[in-house]
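Visitor: Input file: input-v2.txt. Contents: compact mmCIF, C-alpha atoms.
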```
# COMPACT_ATOMS: atom_id res chain seq x y z
CA MET A 818 -53.87 -6.10 -28.68
CA HIS A 819 -52.13 -9.16 -30.12
CA ALA A 820 -49.76 -11.04 -27.82
CA GLU A 821 -46.84 -10.18 -30.06
CA GLN A 822 -47.68 -6.46 -30.07
CA LEU A 823 -48.10 -6.57 -26.29
CA ALA A 824 -44.72 -8.26 -25.81
CA THR A 825 -43.07 -5.70 -28.08
CA ARG A 826 -44.58 -2.81 -26.16
CA GLN A 827 -43.65 -4.33 -22.80
CA ALA A 828 -40.05 -4.68 -23.96
CA GLU A 829 -39.99 -1.10 -25.25
CA VAL A 830 -41.42 0.23 -21.98
CA LEU A 831 -38.92 -1.76 -19.90
CA GLY A 832 -36.20 -0.24 -22.08
CA ALA A 833 -37.44 3.27 -21.34
CA ASN A 834 -37.65 2.37 -17.65
CA ALA A 835 -34.06 1.13 -17.70
CA GLU A 836 -33.02 4.39 -19.38
CA PHE A 837 -34.63 6.35 -16.52
CA TYR A 838 -32.52 4.48 -13.98
CA ARG A 839 -29.39 4.75 -16.11
CA ALA A 840 -29.80 8.52 -16.33
CA PHE A 841 -30.50 8.62 -12.60
CA ARG A 842 -27.45 6.47 -11.76
CA GLU A 843 -25.10 8.39 -14.03
CA GLY A 844 -26.37 11.84 -13.06
CA ASP A 845 -27.24 12.42 -16.72
CA PHE A 846 -29.60 15.38 -16.57
CA GLU A 847 -29.70 15.77 -20.38
CA GLY A 848 -30.80 12.16 -20.68
CA MET A 849 -33.40 12.72 -17.96
CA GLN A 850 -34.76 15.74 -19.84
CA ARG A 851 -35.12 13.70 -23.04
CA LEU A 852 -36.95 11.00 -21.16
CA TRP A 853 -39.85 13.11 -19.91
CA ALA A 854 -42.91 13.83 -22.06
CA THR A 855 -43.26 17.19 -23.75
CA ALA A 856 -46.78 16.85 -25.22
CA THR A 857 -48.46 15.45 -22.09
CA GLU A 858 -48.60 17.08 -18.65
CA VAL A 859 -46.34 15.28 -16.20
CA ALA A 860 -46.19 14.82 -12.43
CA CYS A 861 -43.89 13.30 -9.81
CA LEU A 862 -44.17 12.07 -6.24
CA HIS A 863 -40.75 11.84 -4.67
CA PRO A 864 -40.52 9.90 -1.38
CA GLY A 865 -42.08 11.93 1.43
CA SER A 866 -43.09 14.87 -0.76
CA PRO A 867 -46.40 16.21 -2.06
CA PRO A 868 -47.02 16.06 -5.84
CA LEU A 869 -44.89 18.06 -8.24
CA ILE A 870 -46.93 19.06 -11.29
CA GLY A 871 -45.58 20.08 -14.68
CA ARG A 872 -42.40 19.46 -16.65
CA ARG A 873 -40.54 22.48 -15.26
CA ALA A 874 -41.12 21.54 -11.61
CA VAL A 875 -40.41 17.85 -12.18
CA LEU A 876 -37.18 18.42 -14.08
CA GLU A 877 -35.96 21.01 -11.58
CA SER A 878 -36.44 18.42 -8.85
CA PHE A 879 -34.41 15.87 -10.80
CA ARG A 880 -31.68 18.41 -11.46
CA GLY A 881 -31.25 18.79 -7.71
CA ILE A 882 -31.51 15.07 -7.01
CA LEU A 883 -28.97 14.13 -9.69
CA GLN A 884 -26.52 16.71 -8.40
CA ALA A 885 -26.92 15.50 -4.81
CA ALA A 886 -27.04 11.74 -5.46
CA SER A 887 -23.46 11.17 -6.51
CA GLY A 888 -22.81 9.09 -3.39
CA TRP A 889 -25.16 6.29 -4.28
CA ARG A 890 -25.73 4.05 -7.24
CA MET A 891 -29.43 3.87 -8.16
CA THR A 892 -30.42 0.43 -9.38
CA CYS A 893 -33.79 -0.94 -10.42
CA ARG A 894 -34.94 -4.50 -9.76
CA SER A 895 -37.97 -6.66 -10.48
CA ALA A 896 -39.31 -4.24 -13.11
CA ARG A 897 -42.62 -5.34 -14.56
CA ALA A 898 -44.44 -3.58 -17.41
CA PHE A 899 -48.22 -3.22 -17.73
CA VAL A 900 -49.55 -1.95 -21.06
CA THR A 901 -52.85 -0.18 -20.35
CA ALA A 902 -53.57 1.27 -23.81
CA PRO A 903 -51.80 1.11 -27.18
CA ASP A 904 -49.77 4.19 -26.24
CA ALA A 905 -49.83 4.11 -22.43
CA ALA A 906 -48.12 1.83 -19.90
CA PHE A 907 -46.76 1.66 -16.38
CA VAL A 908 -43.95 -0.15 -14.63
CA THR A 909 -43.69 -1.32 -11.03
CA CYS A 910 -40.23 -1.96 -9.62
CA LEU A 911 -37.97 -1.85 -6.59
CA GLU A 912 -35.16 0.68 -6.16
CA ALA A 913 -31.86 0.08 -4.39
CA ASN A 914 -28.42 1.53 -3.83
CA GLY A 915 -26.18 -0.79 -5.85
CA ASP A 916 -26.30 -4.34 -4.48
CA HIS A 917 -27.89 -3.33 -1.18
CA PRO A 918 -31.38 -4.53 -0.30
CA ALA A 919 -34.05 -2.46 -2.10
CA HIS A 920 -35.45 0.24 0.17
CA LEU A 921 -37.99 1.87 -2.19
CA ALA A 922 -40.88 0.68 -4.36
CA ALA A 923 -41.79 2.70 -7.44
CA THR A 924 -44.33 3.28 -10.16
CA ASN A 925 -43.25 4.78 -13.48
CA LEU A 926 -45.80 5.85 -16.11
CA PHE A 927 -45.06 6.08 -19.81
CA VAL A 928 -46.78 7.27 -22.97
CA ARG A 929 -45.62 6.96 -26.55
CA GLU A 930 -44.76 10.24 -28.23
CA GLY A 931 -43.82 9.55 -31.86
CA GLU A 932 -41.61 6.48 -31.79
CA SER A 933 -40.43 6.92 -28.20
CA TRP A 934 -41.87 5.90 -24.85
CA VAL A 935 -41.48 8.85 -22.49
CA MET A 936 -42.32 9.35 -18.81
CA VAL A 937 -45.37 11.16 -17.53
CA HIS A 938 -45.18 10.25 -13.84
CA HIS A 939 -42.93 8.71 -11.19
CA GLN A 940 -43.77 7.81 -7.61
CA ALA A 941 -41.34 6.18 -5.20
CA GLY A 942 -41.98 5.35 -1.56
CA PRO A 943 -40.15 3.56 1.25
CA LEU A 944 -40.46 -0.18 1.87
CA SER A 945 -41.13 -1.12 5.50
CA ARG A 946 -38.64 -3.95 5.15
CA ALA A 947 -35.80 -3.72 2.65
CA VAL A 948 -35.90 -6.48 0.02
CA PRO A 949 -32.58 -8.33 -0.53
CA ALA A 950 -31.37 -8.58 -4.12
CA ASP A 951 -31.98 -12.34 -4.22
CA ALA A 952 -35.47 -12.25 -2.70
CA SER A 953 -38.74 -12.86 -4.49
CA PRO A 954 -39.86 -9.39 -5.55
CA LEU A 955 -43.60 -9.83 -5.05
CA ALA A 956 -45.69 -9.69 -1.94
CA ASN A 957 -48.08 -12.31 -3.30
CA MET B 1174 -57.83 15.57 -27.94
CA HIS B 1175 -60.17 18.57 -27.93
CA ALA B 1176 -60.27 20.67 -24.78
CA GLU B 1177 -63.89 19.75 -24.22
CA GLN B 1178 -63.18 16.00 -24.55
CA LEU B 1179 -60.24 16.38 -22.21
CA ALA B 1180 -62.32 18.19 -19.59
CA THR B 1181 -65.03 15.52 -19.85
CA ARG B 1182 -62.51 12.72 -19.36
CA GLN B 1183 -60.84 14.52 -16.44
CA ALA B 1184 -64.21 14.88 -14.73
CA GLU B 1185 -65.05 11.22 -15.35
CA VAL B 1186 -61.71 10.08 -13.98
CA LEU B 1187 -62.05 12.28 -10.89
CA GLY B 1188 -65.47 10.70 -10.39
CA ALA B 1189 -63.96 7.22 -10.50
CA ASN B 1190 -61.23 8.36 -8.12
CA ALA B 1191 -63.85 9.70 -5.69
CA GLU B 1192 -65.67 6.36 -5.92
CA PHE B 1193 -62.46 4.57 -4.90
CA TYR B 1194 -62.20 6.67 -1.75
CA ARG B 1195 -65.92 6.34 -1.02
CA ALA B 1196 -65.67 2.54 -1.21
CA PHE B 1197 -62.53 2.69 0.94
CA ARG B 1198 -64.16 4.98 3.53
CA GLU B 1199 -67.37 2.98 3.73
CA GLY B 1200 -65.68 -0.43 3.76
CA ASP B 1201 -67.63 -1.29 0.60
CA PHE B 1202 -65.77 -4.29 -0.77
CA GLU B 1203 -68.39 -4.97 -3.47
CA GLY B 1204 -67.91 -1.41 -4.72
CA MET B 1205 -64.15 -1.85 -4.60
CA GLN B 1206 -64.41 -5.04 -6.69
CA ARG B 1207 -66.49 -3.25 -9.33
CA LEU B 1208 -63.94 -0.46 -9.49
CA TRP B 1209 -60.95 -2.56 -10.51
CA ALA B 1210 -60.28 -3.52 -14.12
CA THR B 1211 -61.15 -7.00 -15.34
CA ALA B 1212 -59.71 -6.87 -18.88
CA THR B 1213 -56.34 -5.29 -17.97
CA GLU B 1214 -53.77 -6.68 -15.54
CA VAL B 1215 -53.67 -4.66 -12.33
CA ALA B 1216 -51.13 -3.92 -9.60
CA CYS B 1217 -50.97 -2.15 -6.24
CA LEU B 1218 -48.26 -0.68 -4.02
CA HIS B 1219 -49.59 -0.26 -0.50
CA PRO B 1220 -47.48 1.92 1.83
CA GLY B 1221 -44.35 0.06 2.84
CA SER B 1222 -45.09 -3.08 0.81
CA PRO B 1223 -43.63 -4.59 -2.37
CA PRO B 1224 -45.87 -4.73 -5.46
CA LEU B 1225 -49.00 -6.82 -5.52
CA ILE B 1226 -49.69 -8.10 -9.03
CA GLY B 1227 -53.02 -9.30 -10.38
CA ARG B 1228 -56.68 -8.75 -9.57
CA ARG B 1229 -56.91 -11.59 -7.07
CA ALA B 1230 -53.94 -10.43 -4.98
CA VAL B 1231 -54.96 -6.76 -5.14
CA LEU B 1232 -58.57 -7.36 -4.15
CA GLU B 1233 -57.59 -9.74 -1.35
CA SER B 1234 -55.39 -6.99 0.05
CA PHE B 1235 -58.28 -4.52 -0.07
CA ARG B 1236 -60.60 -7.02 1.59
CA GLY B 1237 -58.24 -7.12 4.55
CA ILE B 1238 -57.68 -3.37 4.60
CA LEU B 1239 -61.40 -2.56 4.44
CA GLN B 1240 -62.14 -4.97 7.27
CA ALA B 1241 -59.36 -3.51 9.43
CA ALA B 1242 -59.85 0.18 8.63
CA SER B 1243 -63.14 0.76 10.42
CA GLY B 1244 -61.44 3.09 12.90
CA TRP B 1245 -60.48 5.76 10.42
CA ARG B 1246 -62.25 7.76 7.74
CA MET B 1247 -60.28 7.76 4.47
CA THR B 1248 -60.56 11.09 2.68
CA CYS B 1249 -58.95 12.29 -0.54
CA ARG B 1250 -57.77 15.86 -1.13
CA SER B 1251 -56.20 17.87 -3.94
CA ALA B 1252 -57.04 15.24 -6.56
CA ARG B 1253 -55.76 16.13 -10.00
CA ALA B 1254 -56.44 14.12 -13.17
CA PHE B 1255 -53.99 13.64 -16.04
CA VAL B 1256 -55.35 12.10 -19.24
CA THR B 1257 -52.47 10.30 -20.93
CA ALA B 1258 -54.36 8.58 -23.78
CA PRO B 1259 -58.01 8.55 -24.92
CA ASP B 1260 -58.70 5.62 -22.59
CA ALA B 1261 -55.94 5.95 -19.97
CA ALA B 1262 -55.43 8.45 -17.15
CA PHE B 1263 -53.91 8.90 -13.72
CA VAL B 1264 -54.72 10.92 -10.62
CA THR B 1265 -52.39 12.34 -7.98
CA CYS B 1266 -53.88 13.17 -4.59
CA LEU B 1267 -53.31 13.34 -0.85
CA GLU B 1268 -54.93 10.93 1.61
CA ALA B 1269 -56.01 11.75 5.15
CA ASN B 1270 -58.00 10.43 8.07
CA GLY B 1271 -61.09 12.67 8.06
CA ASP B 1272 -60.16 16.30 8.72
CA HIS B 1273 -56.66 15.47 9.99
CA PRO B 1274 -53.59 16.63 8.03
CA ALA B 1275 -52.93 14.38 5.04
CA HIS B 1276 -50.26 11.78 5.84
CA LEU B 1277 -50.08 9.94 2.50
CA ALA B 1278 -49.61 10.90 -1.16
CA ALA B 1279 -51.08 8.65 -3.82
CA THR B 1280 -51.19 7.80 -7.51
CA ASN B 1281 -54.25 6.10 -8.98
CA LEU B 1282 -54.28 4.79 -12.56
CA PHE B 1283 -57.41 4.30 -14.61
CA VAL B 1284 -58.39 2.86 -17.97
CA ARG B 1285 -61.75 2.93 -19.69
CA GLU B 1286 -63.46 -0.43 -20.04
CA GLY B 1287 -66.70 0.02 -21.98
CA GLU B 1288 -68.30 3.16 -20.57
CA SER B 1289 -66.59 3.02 -17.18
CA TRP B 1290 -63.23 4.22 -15.92
CA VAL B 1291 -61.75 1.46 -13.78
CA MET B 1292 -58.55 1.19 -11.74
CA VAL B 1293 -55.44 -0.62 -12.88
CA HIS B 1294 -52.98 0.56 -10.21
CA HIS B 1295 -52.74 2.34 -6.87
CA GLN B 1296 -49.65 3.47 -5.00
CA ALA B 1297 -49.71 5.34 -1.70
CA GLY B 1298 -46.71 6.42 0.35
CA PRO B 1299 -46.08 8.43 3.51
CA LEU B 1300 -45.54 12.20 3.47
CA SER B 1301 -42.52 13.36 5.48
CA ARG B 1302 -44.61 16.24 6.78
CA ALA B 1303 -48.37 15.90 7.06
CA VAL B 1304 -50.25 18.47 4.95
CA PRO B 1305 -53.04 20.38 6.78
CA ALA B 1306 -56.44 20.41 5.10
CA ASP B 1307 -56.19 24.12 4.32
CA ALA B 1308 -52.63 24.04 2.93
CA SER B 1309 -51.59 24.42 -0.68
CA PRO B 1310 -51.44 20.86 -1.99
CA LEU B 1311 -48.48 21.24 -4.31
CA ALA B 1312 -44.79 21.24 -3.60
CA ASN B 1313 -44.16 23.71 -6.43
```
Take the structure I supplied and represent it as structure tokens, if you would.

Guide:
Amino acid sequence: MHAEQLATRQAEVLGANAEFYRAFREGDFEGMQRLWATATEVACLHPGSPPLIGRRAVLESFRGILQAASGWRMTCRSARAFVTAPDAAFVTCLEANGDHPAHLAATNLFVREGESWVMVHHQAGPLSRAVPADASPLAN
Amino acid sequence: MHAEQLATRQAEVLGANAEFYRAFREGDFEGMQRLWATATEVACLHPGSPPLIGRRAVLESFRGILQAASGWRMTCRSARAFVTAPDAAFVTCLEANGDHPAHLAATNLFVREGESWVMVHHQAGPLSRAVPADASPLAN
């Protein structure tokens, strides 16, 4: 893949990743539905929980989470996109409540369906030590 | 993708996933090195830690883990492969110490380099409730 193509895809994927967190933050279940793949089987690993498999199960889980999460403001930091194939990519990032130190680390997987990057998987898990907003995001 | 192609790729990816856990269990750092991609940038989210980015950082982390983990026997259960592109796939699974209830849930990402499926990302995080070996693996 040419460097320019790669940079374009990384920017597109980071845009889709930002849309995931916007929908999350705003409790926008319609937006969340649009963001998940329809032609590829999807999965999700919420913090502490075994895998959810399939679009129905994953979206039902997000319906409940979006309804319950009105008290906190989901923000994403230090997002980094990795393009693994012309139409497949993943993002690593940290998750926080507003300006608080990040308390979760996440992986988001995307594929391109038509002209859109859509999600096929999300895993988030707790950080042993919360990462302040102004800290270096990487362990290395 | 034809159903037969898909089934072949799923089996190949589950084989690569099993090789990851074999190398982990046996403390086989050479095997672990062979298993990680060389032509694609890689990342890793160990339980509790911020993202590690790049082959050097990821493999150094595994060198330390493999040296320290001699006291427990890493096993993988309920592995399920999702093929997201002809040369890209991910696996969800549970991780346990031998026959003990699984205490971690994991995502492993693979791409095909030449004839081999190799890893580009791993995230593992704690389960709120450990999952016994004979339990249904899915939350749904």

Visitor: Extract, using all atoms listed in the file, all DNA, RNA and protein residues at most 6 Å from His1294 of chain B, discarding same-chain residues fewer than 6 positions from it, and format them as a short mmCIF file (atom, residue, chain, number, x, y, z; two decimals) with C-alpha atoms, in the coordinates of the input.

Guide:
```
data_model
loop_
_atom_site.label_atom_id
_atom_site.label_comp_id
_atom_site.auth_asym_id
_atom_site.auth_seq_id
_atom_site.Cartn_x
_atom_site.Cartn_y
_atom_site.Cartn_z
CA VAL B 1215 -53.67 -4.66 -12.33
CA ALA B 1216 -51.13 -3.92 -9.60
CA CYS B 1217 -50.97 -2.15 -6.24
CA ASN B 1281 -54.25 6.10 -8.98
CA LEU B 1282 -54.28 4.79 -12.56
#
```

Visitor: Counting all atoms listed in the file, which residues from chain B have an atom at most 7 Å from any atom of chain A, and could you show them as a PyMOL selection string?

Guide: chain B and resi 1213-1214+1221-1225+1230+1255+1257-1258+1260-1261+1265+1278+1284+1298-1301+1310-1313

Visitor: For atom CA of Gly1204 of chain B and atom CA of Trp1245 of chain B, quote the distance in Å rounded to one decimal.

Guide: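 Rounded to one decimal, the two atoms are 18.3 Å apart.
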
Visitor: Anything within 12 Å of (-60.4, -6.9, 2.1): list those residues as a PyMOL selection string, counting all atoms listed in the file and sticking to the file's coordinates.

Guide: chain B and resi 1196-1197+1200-1206+1229-1243

Visitor: Using all atoms listed in the file, can you tell me which of B:Arg1228, B:Arg1182, B:Arg1198, B:Gly1244 comes closest to Ala1210 of chain B?

Guide: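 Between B:Arg1228, B:Arg1182, B:Arg1198, B:Gly1244, the residue approaching Ala1210 of chain B most closely is B:Arg1228.
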
Visitor: My list of candidates is B:Pro1305, B:Ala1269, B:Glu1288, B:Arg1250. Which is closest to Asn1190 of chain B when distances are computed with all atoms listed in the file?

Guide: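 Between B:Pro1305, B:Ala1269, B:Glu1288, B:Arg1250, the residue approaching Asn1190 of chain B most closely is B:Arg1250.
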
Visitor: Go ahead and compute the interatomic distance for atom CA of Ala1254 of chain B and atom CA of Val1186 of chain B, in Å to one decimal.

Guide: 6.7 Å

Visitor: Report, as JSON, the centre and edge lengths in Å (one decimal) of the axis-aligned box enclosing every listed atom of segment 844-857 of chain A, padded by 3 Å on each side.

Guide:
```
{"center_x": -37.4, "center_y": 14.1, "center_z": -19.1, "size_x": 28.1, "size_y": 12.2, "size_z": 18.2}
```

Visitor: Can segment 924-935 of chain A be brought up to all heavy atoms and written out as a short mmCIF file (atom, residue, chain, number, x, y, z; two decimals), keeping the file's coordinate frame?

Guide:
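That gives us result_30.cif:
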```cif
data_model
loop_
_atom_site.label_atom_id
_atom_site.label_comp_id
_atom_site.auth_asym_id
_atom_site.auth_seq_id
_atom_site.Cartn_x
_atom_site.Cartn_y
_atom_site.Cartn_z
N THR A 924 -43.47 3.34 -8.97
CA THR A 924 -44.33 3.28 -10.16
C THR A 924 -43.81 4.28 -11.16
O THR A 924 -43.55 5.44 -10.80
CB THR A 924 -45.78 3.66 -9.80
OG1 THR A 924 -46.29 2.76 -8.82
CG2 THR A 924 -46.68 3.63 -11.04
N ASN A 925 -43.63 3.86 -12.40
CA ASN A 925 -43.25 4.78 -13.48
C ASN A 925 -44.27 4.67 -14.61
O ASN A 925 -44.57 3.57 -15.07
CB ASN A 925 -41.86 4.43 -14.01
CG ASN A 925 -40.79 4.61 -12.95
OD1 ASN A 925 -40.78 5.61 -12.25
ND2 ASN A 925 -39.93 3.62 -12.78
N LEU A 926 -44.78 5.82 -15.05
CA LEU A 926 -45.80 5.85 -16.11
C LEU A 926 -45.18 6.36 -17.40
O LEU A 926 -44.45 7.37 -17.39
CB LEU A 926 -46.94 6.79 -15.73
CG LEU A 926 -48.14 6.16 -15.05
CD1 LEU A 926 -47.78 5.72 -13.66
CD2 LEU A 926 -49.28 7.16 -15.04
N PHE A 927 -45.59 5.73 -18.50
CA PHE A 927 -45.06 6.08 -19.81
C PHE A 927 -46.18 6.27 -20.82
O PHE A 927 -47.23 5.63 -20.74
CB PHE A 927 -44.13 4.97 -20.32
CG PHE A 927 -42.92 4.73 -19.47
CD1 PHE A 927 -42.99 3.88 -18.37
CD2 PHE A 927 -41.72 5.37 -19.75
CE1 PHE A 927 -41.87 3.68 -17.56
CE2 PHE A 927 -40.61 5.16 -18.95
CZ PHE A 927 -40.69 4.31 -17.86
N VAL A 928 -45.94 7.17 -21.77
CA VAL A 928 -46.78 7.27 -22.97
C VAL A 928 -45.86 7.25 -24.18
O VAL A 928 -44.65 7.51 -24.07
CB VAL A 928 -47.64 8.55 -23.00
CG1 VAL A 928 -48.61 8.60 -21.83
CG2 VAL A 928 -46.78 9.80 -23.05
N ARG A 929 -46.43 6.92 -25.34
CA ARG A 929 -45.62 6.96 -26.55
C ARG A 929 -45.83 8.29 -27.25
O ARG A 929 -46.95 8.68 -27.56
CB ARG A 929 -45.98 5.79 -27.47
CG ARG A 929 -44.88 5.51 -28.47
CD ARG A 929 -44.99 4.14 -29.06
NE ARG A 929 -46.29 3.94 -29.68
CZ ARG A 929 -46.57 2.89 -30.43
NH1 ARG A 929 -45.67 1.96 -30.64
NH2 ARG A 929 -47.76 2.74 -30.95
N GLU A 930 -44.75 9.00 -27.44
CA GLU A 930 -44.76 10.24 -28.23
C GLU A 930 -43.91 9.97 -29.47
O GLU A 930 -42.70 9.77 -29.35
CB GLU A 930 -44.20 11.42 -27.44
CG GLU A 930 -45.13 11.92 -26.35
CD GLU A 930 -44.63 13.16 -25.61
OE1 GLU A 930 -43.51 13.64 -25.90
OE2 GLU A 930 -45.36 13.65 -24.74
N GLY A 931 -44.55 9.95 -30.66
CA GLY A 931 -43.82 9.55 -31.86
C GLY A 931 -43.39 8.11 -31.73
O GLY A 931 -44.21 7.23 -31.43
N GLU A 932 -42.11 7.85 -31.88
CA GLU A 932 -41.61 6.48 -31.79
C GLU A 932 -41.07 6.14 -30.41
O GLU A 932 -40.62 5.02 -30.18
CB GLU A 932 -40.49 6.27 -32.83
CG GLU A 932 -40.99 6.30 -34.27
CD GLU A 932 -42.05 5.24 -34.53
OE1 GLU A 932 -41.78 4.05 -34.30
OE2 GLU A 932 -43.17 5.62 -34.95
N SER A 933 -41.07 7.12 -29.50
CA SER A 933 -40.43 6.92 -28.20
C SER A 933 -41.43 6.80 -27.06
O SER A 933 -42.45 7.51 -27.04
CB SER A 933 -39.49 8.10 -27.89
OG SER A 933 -38.50 8.21 -28.87
N TRP A 934 -41.14 5.93 -26.12
CA TRP A 934 -41.87 5.90 -24.85
C TRP A 934 -41.21 6.91 -23.91
O TRP A 934 -40.00 6.85 -23.68
CB TRP A 934 -41.83 4.50 -24.25
CG TRP A 934 -42.68 3.52 -25.00
CD1 TRP A 934 -42.29 2.71 -26.03
CD2 TRP A 934 -44.06 3.25 -24.79
NE1 TRP A 934 -43.35 1.95 -26.46
CE2 TRP A 934 -44.45 2.26 -25.72
CE3 TRP A 934 -45.03 3.75 -23.90
CZ2 TRP A 934 -45.76 1.77 -25.79
CZ3 TRP A 934 -46.32 3.24 -23.97
CH2 TRP A 934 -46.68 2.27 -24.90
N VAL A 935 -42.01 7.81 -23.38
CA VAL A 935 -41.48 8.85 -22.49
C VAL A 935 -42.28 8.85 -21.19
O VAL A 935 -43.42 8.36 -21.14
CB VAL A 935 -41.54 10.24 -23.16
CG1 VAL A 935 -40.51 10.34 -24.28
CG2 VAL A 935 -42.94 10.54 -23.68
#
```
